[in-house]
Amino acid sequence: MTSKEKVAALREEMQKNNVDAFIVYSADPHMSEYLPEEWQERAWLSGFLGSAGFVVITKDKGGLWTDGRYFTQAAIELEGSGIDLFKDGMEGTPNYIDWIISEIPAGGKVAVNAVAASHANWELLSQKFNAKNITLADIPLLKEVWKDRGTASANPIFVHPVERAGKSVSDKIAAIRQKMEEQEATVHIISSLDDVAWTLNLRGSDVESNPVFLGYIVITKNDAVVFTGLEKMEVAARKQMDDSFVKMMPYEEFYNYLKTFKNEKVLVSPNSNQQIFETLKTDNQFIKAPVPGNLMKAQKNEAELEGFRTVMVRDGVAMVKFLYWLTHNAGKEAMNEYSIGQKLKGFRAEGENFVGESFGSIVGYKDNGAIMHYSAKKEGSKEVTNEDTILVDSGGQYLEGTTDITRTFALGTPSEEFKRNSTLVLQGLIRLSMVKFPKGTKGVQLDAIARLPLWMEGKDFNHGTGHGVGSFMNVHEGPQNIRKDLNPQELLPGMVCSNEPGYYLEGHYGIRHENLIAVKESETTIHGTFYEFETLTFCPFFKDTVVKEILSEDEIAWLNGYHKTCEEKLAPHLDGEVKEWFLQLVSPL
């Protein structure tokens with residue numbers, strides 16, 4: 001079925017149920033960013049494959065709302081679907097709820113699948129629709145339309161040892177119970193998959209590139225219960241649960257278990273699915289607040305930070321070997337964006353404890369580099385030669401940690417314009433790497449530092465400067481970030497973030513440079529405690545696209561110092577022609 005045919009089939013179901021509009025969020029029952037295959041409803045319906053965005057279908061119109069990372073990609077992938085692109089955050093783009101209200105009759109009905117919609121979204125919909133006498137109903141219409149959606153994976157659930165986790169399951173649950181007590185909660189529900197995996201020191205592979213498994217946790221004053229596919233749990237994982245006094249129940253029993261609670265004070269994130277609230281709302285009180293373990297998870301302990309440092313050497317070696325191969329073979333042998341991504345995966349796979357990619361590699365040659373989250377298809381991806389520029393954004397999952405790195409460089413002779421813009425982006429990365437900031441600083445306050453070189457020339461980029469990164473966990477992790485949006489979460493020691501400014505000229509090229517950085521204490525003065533960043537990533541930048549005159553002496557010193565560190569960390573693991581080439585790459589600017 002084409003997207004157009006799928007939308008037509010959905011409209012038939014809408015008519016049967018007297019529904020005027022149906023909302024398809026990009027979500028699963030755990031509100032994951034990256035979804036198990038059987039929950040990729042929005043992608044299946046619309047053809048748009050980005051990680052963020054949602055679709056609204058009315059009786060005669062369709063719309064997809066997504067953010068600036070995906071404007072170019074979405075326009076291509078929606079073609080022929082009958083679904084219009086709404087550029088979220090851009091002036092003139094209507095709010096999707098207001099758009100629905102304007103498109104359906106008074107007294108109309110809007111349907112959503114409550115198990116794949118967050119409570120926060122449900123509440124917002126309810127408030128606005130009630131004011132207009134519009135009914136909001138839980139009707140999972142796609143169940144009748146998407147017949148061959150597949151089933152949950154049977155992949156094993158295995159132990160993430162305490163030597164790498166840095167903290168035992170019992171200690172984590174005790175810390176969570178302490179937070180429950182502070183908030184006077186008697187029951188706590190954890191539904192986000194990375195928080196489930198972190199709490200229990202377990203990992204899985206139910207979601208591509210994310211070492212998580214489908215599961216829920218319910219914690220009371222005396223009990224802790226995990227709901228998951230018990231047949232998937234390895235013997236060591238079961239033993240770890242027994243030793244930590246965590247009961248194990250089948251995944252399917254979760255909602256039945258919730259029905260047993262009466263007169264409880266339930267601590268649950270407003271980003272949990274609406275079905276949880278529907279199940280509990282009659283007989284219990286809610287304490288709507290972030291999952292306490294989420295912030296604990298974000299502040300990496302020393303064992304986790306040491307894991308990052310270890311895998312960054314391994315990953316850096318793989319990257320250097322890959323960069324040597326690509327720069328020396330482009331134009332000499334047949335290759336395309338997809339095959340290059342596979343080749344990079346192969347170099348990483350040579351490293352110890354490699355589990356898989358941390359996300360699908362983004363390899364954008366020429367103008368495809370301007371598609372921020374471009375995904376090259378196996379069939380029909382662009383041929384790559386030695387004539388232009390290329391952006392490679394990739395990462396690995398290793399048992400000790402997670403990596404995410406972007407390098408943009410020239411395979412041919414770069415234009416002066418490209419070199420200038422590439423240097424401005426690198427300058428932003430360097431400035432953010434060098435910054436020192438007082439305790440209490442939030443990501444939004446640092447975002448401008450990375451953008452300033454571009455802003456001074458009337459340029460900008462339409463994505464965040466930095467996202468949190470997990471420890472052998474999801475490559476995108478909260479609650480911290482570095483971006484224009486106002487996020488109240490302050491940056492705290494142990495938090496790992498990406499540092500990835502960019503610049504994109506649609507139809508020509510894209511530039512992004514990215515390292516991972518960790519917050520650490522710097523000094524305490526009469527003005528208080530100050531933090532700085534430790535750069536975790538080890539991989540050189542290409543000096544042939546750097547306009548030295550743009551950089552200050554301090555910035556040049558930082559770049560030379562960074563390259564010296566790369567040499568110290570990586571050179572012992574390289575040899576032959578690769579090592580000789582690498583030593584040229586890291587020589588002083």
# chains A, B, ... in the order shown; residues from 1 in each chain; ligands from 1
call {"tool": "select_by_dssp", "arguments": {"residues": "segment 235-448 of chain A", "states": "alpha helix (DSSP H)", "output": "ChimeraX atom specification"}}
result
/A:235-243,254-258,274-280,292-298,302-329,337-349,416-434,443-448
call {"tool": "residues_around", "arguments": {"residues": "Glu555 of chain A", "least_positions_apart": "5", "cutoff": "12 Å", "atoms": "only C-alpha atoms", "output": "PyMOL selection string"}}
result
chain A and resi 423-424+426-435+546+548-550+560-562+589
call {"tool": "write_last_selection", "arguments": {"atoms": "N, CA, C and O atoms", "output": "short mmCIF file (atom, residue, chain, number, x, y, z; two decimals), in the first residue's frame"}}
result
data_model
loop_
_atom_site.label_atom_id
_atom_site.label_comp_id
_atom_site.auth_asym_id
_atom_site.auth_seq_id
_atom_site.Cartn_x
_atom_site.Cartn_y
_atom_site.Cartn_z
N THR A 423 34.80 26.79 8.99
CA THR A 423 35.61 27.35 10.08
C THR A 423 34.74 28.03 11.12
O THR A 423 35.01 27.92 12.33
N LEU A 424 33.70 28.73 10.69
CA LEU A 424 32.80 29.38 11.64
C LEU A 424 32.10 28.35 12.53
O LEU A 424 31.93 28.56 13.74
N LEU A 426 33.28 25.30 13.22
CA LEU A 426 34.32 24.77 14.11
C LEU A 426 34.64 25.75 15.22
O LEU A 426 34.86 25.35 16.38
N GLN A 427 34.65 27.02 14.89
CA GLN A 427 34.91 28.06 15.90
C GLN A 427 33.86 28.00 17.01
O GLN A 427 34.17 28.13 18.19
N GLY A 428 32.59 27.77 16.61
CA GLY A 428 31.53 27.65 17.61
C GLY A 428 31.75 26.45 18.51
O GLY A 428 31.57 26.53 19.74
N LEU A 429 32.15 25.32 17.92
CA LEU A 429 32.45 24.13 18.72
C LEU A 429 33.59 24.40 19.69
O LEU A 429 33.52 24.02 20.87
N ILE A 430 34.63 25.06 19.20
CA ILE A 430 35.79 25.34 20.06
C ILE A 430 35.41 26.27 21.21
O ILE A 430 35.79 26.03 22.37
N ARG A 431 34.65 27.30 20.91
CA ARG A 431 34.27 28.25 21.96
C ARG A 431 33.45 27.58 23.06
O ARG A 431 33.63 27.85 24.24
N LEU A 432 32.54 26.70 22.66
CA LEU A 432 31.75 25.99 23.66
C LEU A 432 32.64 25.03 24.45
O LEU A 432 32.46 24.87 25.67
N SER A 433 33.61 24.42 23.79
CA SER A 433 34.53 23.51 24.48
C SER A 433 35.36 24.23 25.52
O SER A 433 35.73 23.65 26.55
N MET A 434 35.66 25.51 25.29
CA MET A 434 36.55 26.28 26.15
C MET A 434 35.84 26.99 27.29
O MET A 434 36.48 27.48 28.22
N VAL A 435 34.51 27.05 27.23
CA VAL A 435 33.77 27.92 28.13
C VAL A 435 33.87 27.47 29.59
O VAL A 435 34.00 26.28 29.89
N VAL A 546 40.06 24.67 7.20
CA VAL A 546 40.12 25.68 8.26
C VAL A 546 40.79 26.95 7.73
O VAL A 546 41.90 26.90 7.19
N LYS A 548 42.59 29.79 8.94
CA LYS A 548 43.29 30.08 10.20
C LYS A 548 43.05 31.51 10.66
O LYS A 548 42.95 31.78 11.87
N GLU A 549 42.92 32.44 9.71
CA GLU A 549 42.79 33.86 10.07
C GLU A 549 41.51 34.16 10.85
O GLU A 549 41.42 35.17 11.56
N ILE A 550 40.51 33.30 10.71
CA ILE A 550 39.23 33.52 11.41
C ILE A 550 39.37 33.23 12.90
O ILE A 550 38.72 33.86 13.74
N ASN A 560 45.14 22.99 18.40
CA ASN A 560 46.43 22.30 18.41
C ASN A 560 46.55 21.38 19.62
O ASN A 560 47.07 20.26 19.52
N GLY A 561 46.06 21.85 20.76
CA GLY A 561 46.09 21.03 21.98
C GLY A 561 45.19 19.81 21.85
O GLY A 561 45.55 18.70 22.29
N TYR A 562 44.03 20.00 21.23
CA TYR A 562 43.11 18.88 21.01
C TYR A 562 43.75 17.84 20.10
O TYR A 562 43.71 16.63 20.38
N LEU A 589 48.41 23.58 13.53
CA LEU A 589 47.84 24.43 12.47
C LEU A 589 48.81 25.56 12.15
O LEU A 589 49.33 26.20 13.06
#
call {"tool": "closest_residue", "arguments": {"among": "A:Gly507, A:Gly341, A:Gly293, A:Pro36", "to": "Asp206 of chain A", "atoms": "only C-alpha atoms"}}
result
A:Pro36
call {"tool": "residues_around", "arguments": {"residues": "Arg11 of chain A", "least_positions_apart": "5", "cutoff": "8 Å", "atoms": "only C-alpha atoms", "output": "PyMOL selection string"}}
result
chain A and resi 57-59
call {"tool": "residues_around", "arguments": {"residues": "segment 167-181 of chain A", "least_positions_apart": "5", "cutoff": "8 Å", "atoms": "only C-alpha atoms", "output": "PyMOL selection string"}}
result
chain A and resi 162+186-188+199-201+219-221+244-245+267+292-293
call {"tool": "write_last_selection", "arguments": {"atoms": "all heavy atoms", "output": "mmCIF file, in the first residue's frame"}}
result
data_model
loop_
_atom_site.group_PDB
_atom_site.id
_atom_site.type_symbol
_atom_site.label_atom_id
_atom_site.label_comp_id
_atom_site.auth_asym_id
_atom_site.auth_seq_id
_atom_site.Cartn_x
_atom_site.Cartn_y
_atom_site.Cartn_z
ATOM 1 N N VAL A 162 27.704 -4.069 37.489
ATOM 2 C CA VAL A 162 27.851 -2.922 38.381
ATOM 3 C C VAL A 162 29.210 -2.248 38.203
ATOM 4 O O VAL A 162 29.351 -1.032 38.442
ATOM 5 C CB VAL A 162 27.612 -3.337 39.856
ATOM 6 C CG1 VAL A 162 28.738 -4.230 40.360
ATOM 7 C CG2 VAL A 162 27.403 -2.128 40.752
ATOM 8 N N THR A 186 3.388 7.031 47.389
ATOM 9 C CA THR A 186 3.359 5.646 47.874
ATOM 10 C C THR A 186 3.602 4.642 46.745
ATOM 11 O O THR A 186 3.941 3.487 47.001
ATOM 12 C CB THR A 186 2.009 5.333 48.538
ATOM 13 O OG1 THR A 186 0.954 5.576 47.596
ATOM 14 C CG2 THR A 186 1.792 6.203 49.768
ATOM 15 N N VAL A 187 3.405 5.090 45.506
ATOM 16 C CA VAL A 187 3.632 4.247 44.330
ATOM 17 C C VAL A 187 4.365 5.088 43.282
ATOM 18 O O VAL A 187 4.066 6.269 43.107
ATOM 19 C CB VAL A 187 2.297 3.728 43.735
ATOM 20 C CG1 VAL A 187 2.544 2.969 42.430
ATOM 21 C CG2 VAL A 187 1.566 2.843 44.729
ATOM 22 N N HIS A 188 5.308 4.472 42.585
ATOM 23 C CA HIS A 188 6.016 5.163 41.504
ATOM 24 C C HIS A 188 6.053 4.269 40.278
ATOM 25 O O HIS A 188 6.384 3.080 40.371
ATOM 26 C CB HIS A 188 7.436 5.528 41.946
ATOM 27 C CG HIS A 188 8.280 6.134 40.867
ATOM 28 N ND1 HIS A 188 7.786 7.049 39.966
ATOM 29 C CD2 HIS A 188 9.591 5.954 40.543
ATOM 30 C CE1 HIS A 188 8.751 7.402 39.132
ATOM 31 N NE2 HIS A 188 9.849 6.747 39.451
ATOM 32 N N THR A 199 17.648 1.740 35.803
ATOM 33 C CA THR A 199 17.305 1.405 37.191
ATOM 34 C C THR A 199 17.705 -0.028 37.530
ATOM 35 O O THR A 199 18.202 -0.302 38.629
ATOM 36 C CB THR A 199 15.795 1.598 37.430
ATOM 37 O OG1 THR A 199 15.431 2.942 37.103
ATOM 38 C CG2 THR A 199 15.423 1.322 38.885
ATOM 39 N N LEU A 200 17.499 -0.940 36.588
ATOM 40 C CA LEU A 200 17.702 -2.365 36.858
ATOM 41 C C LEU A 200 19.072 -2.873 36.427
ATOM 42 O O LEU A 200 19.361 -4.072 36.578
ATOM 43 C CB LEU A 200 16.614 -3.174 36.143
ATOM 44 C CG LEU A 200 15.169 -2.837 36.538
ATOM 45 C CD1 LEU A 200 14.197 -3.662 35.719
ATOM 46 C CD2 LEU A 200 14.946 -3.054 38.032
ATOM 47 N N ASN A 201 19.933 -1.983 35.904
ATOM 48 C CA ASN A 201 21.244 -2.411 35.377
ATOM 49 C C ASN A 201 21.086 -3.584 34.414
ATOM 50 O O ASN A 201 21.804 -4.591 34.492
ATOM 51 C CB ASN A 201 22.205 -2.783 36.516
ATOM 52 C CG ASN A 201 22.748 -1.559 37.238
ATOM 53 O OD1 ASN A 201 22.577 -0.430 36.785
ATOM 54 N ND2 ASN A 201 23.404 -1.785 38.370
ATOM 55 N N ILE A 219 7.306 0.743 41.658
ATOM 56 C CA ILE A 219 7.981 0.721 42.958
ATOM 57 C C ILE A 219 7.015 1.231 44.029
ATOM 58 O O ILE A 219 6.393 2.286 43.855
ATOM 59 C CB ILE A 219 9.253 1.602 42.941
ATOM 60 C CG1 ILE A 219 10.255 1.091 41.897
ATOM 61 C CG2 ILE A 219 9.913 1.631 44.321
ATOM 62 C CD1 ILE A 219 11.489 1.966 41.738
ATOM 63 N N THR A 220 6.873 0.465 45.097
ATOM 64 C CA THR A 220 6.106 0.909 46.270
ATOM 65 C C THR A 220 7.093 1.004 47.434
ATOM 66 O O THR A 220 8.300 0.818 47.269
ATOM 67 C CB THR A 220 4.978 -0.075 46.594
ATOM 68 O OG1 THR A 220 5.556 -1.322 47.023
ATOM 69 C CG2 THR A 220 4.085 -0.315 45.383
ATOM 70 N N LYS A 221 6.560 1.248 48.633
ATOM 71 C CA LYS A 221 7.447 1.357 49.796
ATOM 72 C C LYS A 221 8.158 0.040 50.084
ATOM 73 O O LYS A 221 9.283 0.031 50.594
ATOM 74 C CB LYS A 221 6.644 1.804 51.017
ATOM 75 C CG LYS A 221 6.196 3.259 50.938
ATOM 76 C CD LYS A 221 5.438 3.687 52.189
ATOM 77 C CE LYS A 221 5.061 5.170 52.122
ATOM 78 N NZ LYS A 221 4.296 5.607 53.317
ATOM 79 N N SER A 244 18.311 -8.443 44.016
ATOM 80 C CA SER A 244 17.958 -7.041 44.292
ATOM 81 C C SER A 244 16.521 -6.905 44.804
ATOM 82 O O SER A 244 16.024 -5.788 44.953
ATOM 83 C CB SER A 244 18.126 -6.206 43.017
ATOM 84 O OG SER A 244 19.402 -6.372 42.460
ATOM 85 N N PHE A 245 15.866 -8.039 45.048
ATOM 86 C CA PHE A 245 14.479 -8.073 45.542
ATOM 87 C C PHE A 245 13.505 -7.364 44.604
ATOM 88 O O PHE A 245 12.615 -6.628 45.031
ATOM 89 C CB PHE A 245 14.405 -7.479 46.961
ATOM 90 C CG PHE A 245 15.322 -8.152 47.931
ATOM 91 C CD1 PHE A 245 16.543 -7.580 48.283
ATOM 92 C CD2 PHE A 245 14.997 -9.396 48.467
ATOM 93 C CE1 PHE A 245 17.414 -8.219 49.161
ATOM 94 C CE2 PHE A 245 15.860 -10.040 49.353
ATOM 95 C CZ PHE A 245 17.070 -9.451 49.698
ATOM 96 N N LEU A 267 3.332 8.608 41.946
ATOM 97 C CA LEU A 267 4.305 9.480 41.287
ATOM 98 C C LEU A 267 4.523 8.960 39.871
ATOM 99 O O LEU A 267 4.992 7.836 39.672
ATOM 100 C CB LEU A 267 5.623 9.477 42.067
ATOM 101 C CG LEU A 267 6.824 10.196 41.425
ATOM 102 C CD1 LEU A 267 6.526 11.664 41.173
ATOM 103 C CD2 LEU A 267 8.070 10.041 42.296
ATOM 104 N N PRO A 292 12.332 10.434 39.105
ATOM 105 C CA PRO A 292 13.542 10.827 39.853
ATOM 106 C C PRO A 292 14.819 10.223 39.275
ATOM 107 O O PRO A 292 15.865 10.873 39.237
ATOM 108 C CB PRO A 292 13.273 10.295 41.260
ATOM 109 C CG PRO A 292 11.786 10.208 41.362
ATOM 110 C CD PRO A 292 11.295 9.870 39.996
ATOM 111 N N GLY A 293 14.735 8.979 38.782
ATOM 112 C CA GLY A 293 15.914 8.321 38.249
ATOM 113 C C GLY A 293 16.452 8.962 36.991
ATOM 114 O O GLY A 293 17.618 8.758 36.625
#
call {"tool": "residues_around", "arguments": {"residues": "Ala152 of chain A", "least_positions_apart": "4", "cutoff": "10 Å", "atoms": "only C-alpha atoms", "output": "ChimeraX atom specification"}}
result
/A:36-39,206-207,213-214,229
call {"tool": "atom_distance", "arguments": {"atom1": "atom CA of Ser375 of chain A", "atom2": "atom CA of Ile362 of chain A"}}
result
5.6 Å
call {"tool": "residues_around", "arguments": {"residues": "segment 16-28 of chain A", "least_positions_apart": "3", "cutoff": "8 Å", "atoms": "only C-alpha atoms", "output": "ChimeraX atom specification"}}
result
/A:12-13,31-33,35-36,39-43,51-59,100,104,108-113,115-117
call {"tool": "select_by_dssp", "arguments": {"residues": "segment 109-358 of chain A", "states": "strand (DSSP E)", "output": "ChimeraX atom specification"}}
result
/A:109-112,135-138,158-159,187-190,202-203,215-220,224-228,247-250,265-268,285-288,354-357
call {"tool": "closest_residue", "arguments": {"among": "A:Asn368, A:Ser361, A:Gln285, A:Thr535", "to": "Asp393 of chain A", "atoms": "only C-alpha atoms"}}
result
A:Ser361
call {"tool": "residues_around", "arguments": {"residues": "Ser272 of chain A", "least_positions_apart": "6", "cutoff": "7 Å", "atoms": "only C-alpha atoms", "output": "ChimeraX atom specification"}}
result
/A:30-31,118-119,191
call {"tool": "write_last_selection", "arguments": {"atoms": "N, CA and C atoms", "output": "short mmCIF file (atom, residue, chain, number, x, y, z; two decimals), in the first residue's frame"}}
result
data_model
loop_
_atom_site.label_atom_id
_atom_site.label_comp_id
_atom_site.auth_asym_id
_atom_site.auth_seq_id
_atom_site.Cartn_x
_atom_site.Cartn_y
_atom_site.Cartn_z
N HIS A 30 5.77 3.67 25.68
CA HIS A 30 6.81 4.17 26.59
C HIS A 30 7.28 5.56 26.21
N MET A 31 6.62 6.17 25.25
CA MET A 31 6.94 7.51 24.76
C MET A 31 8.40 7.62 24.32
N SER A 118 1.01 10.79 25.06
CA SER A 118 1.41 11.16 26.42
C SER A 118 0.25 11.83 27.15
N HIS A 119 0.29 11.71 28.46
CA HIS A 119 -0.73 12.38 29.29
C HIS A 119 -0.67 13.89 29.10
N SER A 191 8.02 4.20 33.13
CA SER A 191 7.61 3.61 31.85
C SER A 191 8.58 3.90 30.72
#
call {"tool": "closest_residue", "arguments": {"among": "A:Ile190, A:Ala334, A:Ile276, A:Val159", "to": "Leu399 of chain A", "atoms": "only C-alpha atoms"}}
result
A:Val159
call {"tool": "decode", "arguments": {"residues": "segment 556-569 of chain A", "atoms": "N, CA, C and O atoms", "output": "PDB file, in the first residue's frame"}}
result
ATOM      1  N   ILE A 556      43.123  28.697  18.205  1.00  0.00           N
ATOM      2  CA  ILE A 556      44.147  27.913  17.518  1.00  0.00           C
ATOM      3  C   ILE A 556      44.884  27.030  18.535  1.00  0.00           C
ATOM      4  O   ILE A 556      45.162  25.848  18.276  1.00  0.00           O
ATOM      5  N   ALA A 557      45.185  27.620  19.710  1.00  0.00           N
ATOM      6  CA  ALA A 557      45.871  26.850  20.765  1.00  0.00           C
ATOM      7  C   ALA A 557      45.001  25.676  21.215  1.00  0.00           C
ATOM      8  O   ALA A 557      45.506  24.570  21.467  1.00  0.00           O
ATOM      9  N   TRP A 558      43.678  25.909  21.318  1.00  0.00           N
ATOM     10  CA  TRP A 558      42.776  24.805  21.711  1.00  0.00           C
ATOM     11  C   TRP A 558      42.814  23.697  20.661  1.00  0.00           C
ATOM     12  O   TRP A 558      42.932  22.513  21.002  1.00  0.00           O
ATOM     13  N   LEU A 559      42.731  24.084  19.384  1.00  0.00           N
ATOM     14  CA  LEU A 559      42.702  23.087  18.311  1.00  0.00           C
ATOM     15  C   LEU A 559      44.017  22.299  18.268  1.00  0.00           C
ATOM     16  O   LEU A 559      44.003  21.063  18.155  1.00  0.00           O
ATOM     17  N   ASN A 560      45.139  22.989  18.397  1.00  0.00           N
ATOM     18  CA  ASN A 560      46.432  22.300  18.409  1.00  0.00           C
ATOM     19  C   ASN A 560      46.553  21.379  19.621  1.00  0.00           C
ATOM     20  O   ASN A 560      47.073  20.262  19.525  1.00  0.00           O
ATOM     21  N   GLY A 561      46.055  21.853  20.763  1.00  0.00           N
ATOM     22  CA  GLY A 561      46.086  21.032  21.976  1.00  0.00           C
ATOM     23  C   GLY A 561      45.189  19.806  21.852  1.00  0.00           C
ATOM     24  O   GLY A 561      45.549  18.701  22.291  1.00  0.00           O
ATOM     25  N   TYR A 562      44.027  19.998  21.233  1.00  0.00           N
ATOM     26  CA  TYR A 562      43.109  18.876  21.012  1.00  0.00           C
ATOM     27  C   TYR A 562      43.754  17.836  20.104  1.00  0.00           C
ATOM     28  O   TYR A 562      43.706  16.629  20.380  1.00  0.00           O
ATOM     29  N   HIS A 563      44.381  18.295  19.032  1.00  0.00           N
ATOM     30  CA  HIS A 563      45.034  17.371  18.111  1.00  0.00           C
ATOM     31  C   HIS A 563      46.215  16.661  18.772  1.00  0.00           C
ATOM     32  O   HIS A 563      46.472  15.472  18.487  1.00  0.00           O
ATOM     33  N   LYS A 564      46.899  17.340  19.674  1.00  0.00           N
ATOM     34  CA  LYS A 564      47.997  16.692  20.407  1.00  0.00           C
ATOM     35  C   LYS A 564      47.449  15.569  21.291  1.00  0.00           C
ATOM     36  O   LYS A 564      48.031  14.480  21.373  1.00  0.00           O
ATOM     37  N   THR A 565      46.310  15.834  21.925  1.00  0.00           N
ATOM     38  CA  THR A 565      45.670  14.804  22.750  1.00  0.00           C
ATOM     39  C   THR A 565      45.231  13.623  21.893  1.00  0.00           C
ATOM     40  O   THR A 565      45.388  12.460  22.288  1.00  0.00           O
ATOM     41  N   CYS A 566      44.656  13.920  20.718  1.00  0.00           N
ATOM     42  CA  CYS A 566      44.263  12.850  19.797  1.00  0.00           C
ATOM     43  C   CYS A 566      45.472  11.986  19.439  1.00  0.00           C
ATOM     44  O   CYS A 566      45.379  10.750  19.395  1.00  0.00           O
ATOM     45  N   GLU A 567      46.598  12.642  19.198  1.00  0.00           N
ATOM     46  CA  GLU A 567      47.825  11.903  18.860  1.00  0.00           C
ATOM     47  C   GLU A 567      48.229  10.975  20.006  1.00  0.00           C
ATOM     48  O   GLU A 567      48.531   9.787  19.802  1.00  0.00           O
ATOM     49  N   GLU A 568      48.215  11.506  21.224  1.00  0.00           N
ATOM     50  CA  GLU A 568      48.617  10.715  22.396  1.00  0.00           C
ATOM     51  C   GLU A 568      47.693   9.514  22.601  1.00  0.00           C
ATOM     52  O   GLU A 568      48.151   8.419  22.955  1.00  0.00           O
ATOM     53  N   LYS A 569      46.394   9.724  22.380  1.00  0.00           N
ATOM     54  CA  LYS A 569      45.414   8.665  22.643  1.00  0.00           C
ATOM     55  C   LYS A 569      45.370   7.616  21.531  1.00  0.00           C
ATOM     56  O   LYS A 569      45.208   6.418  21.808  1.00  0.00           O
TER      57      LYS A 569
END
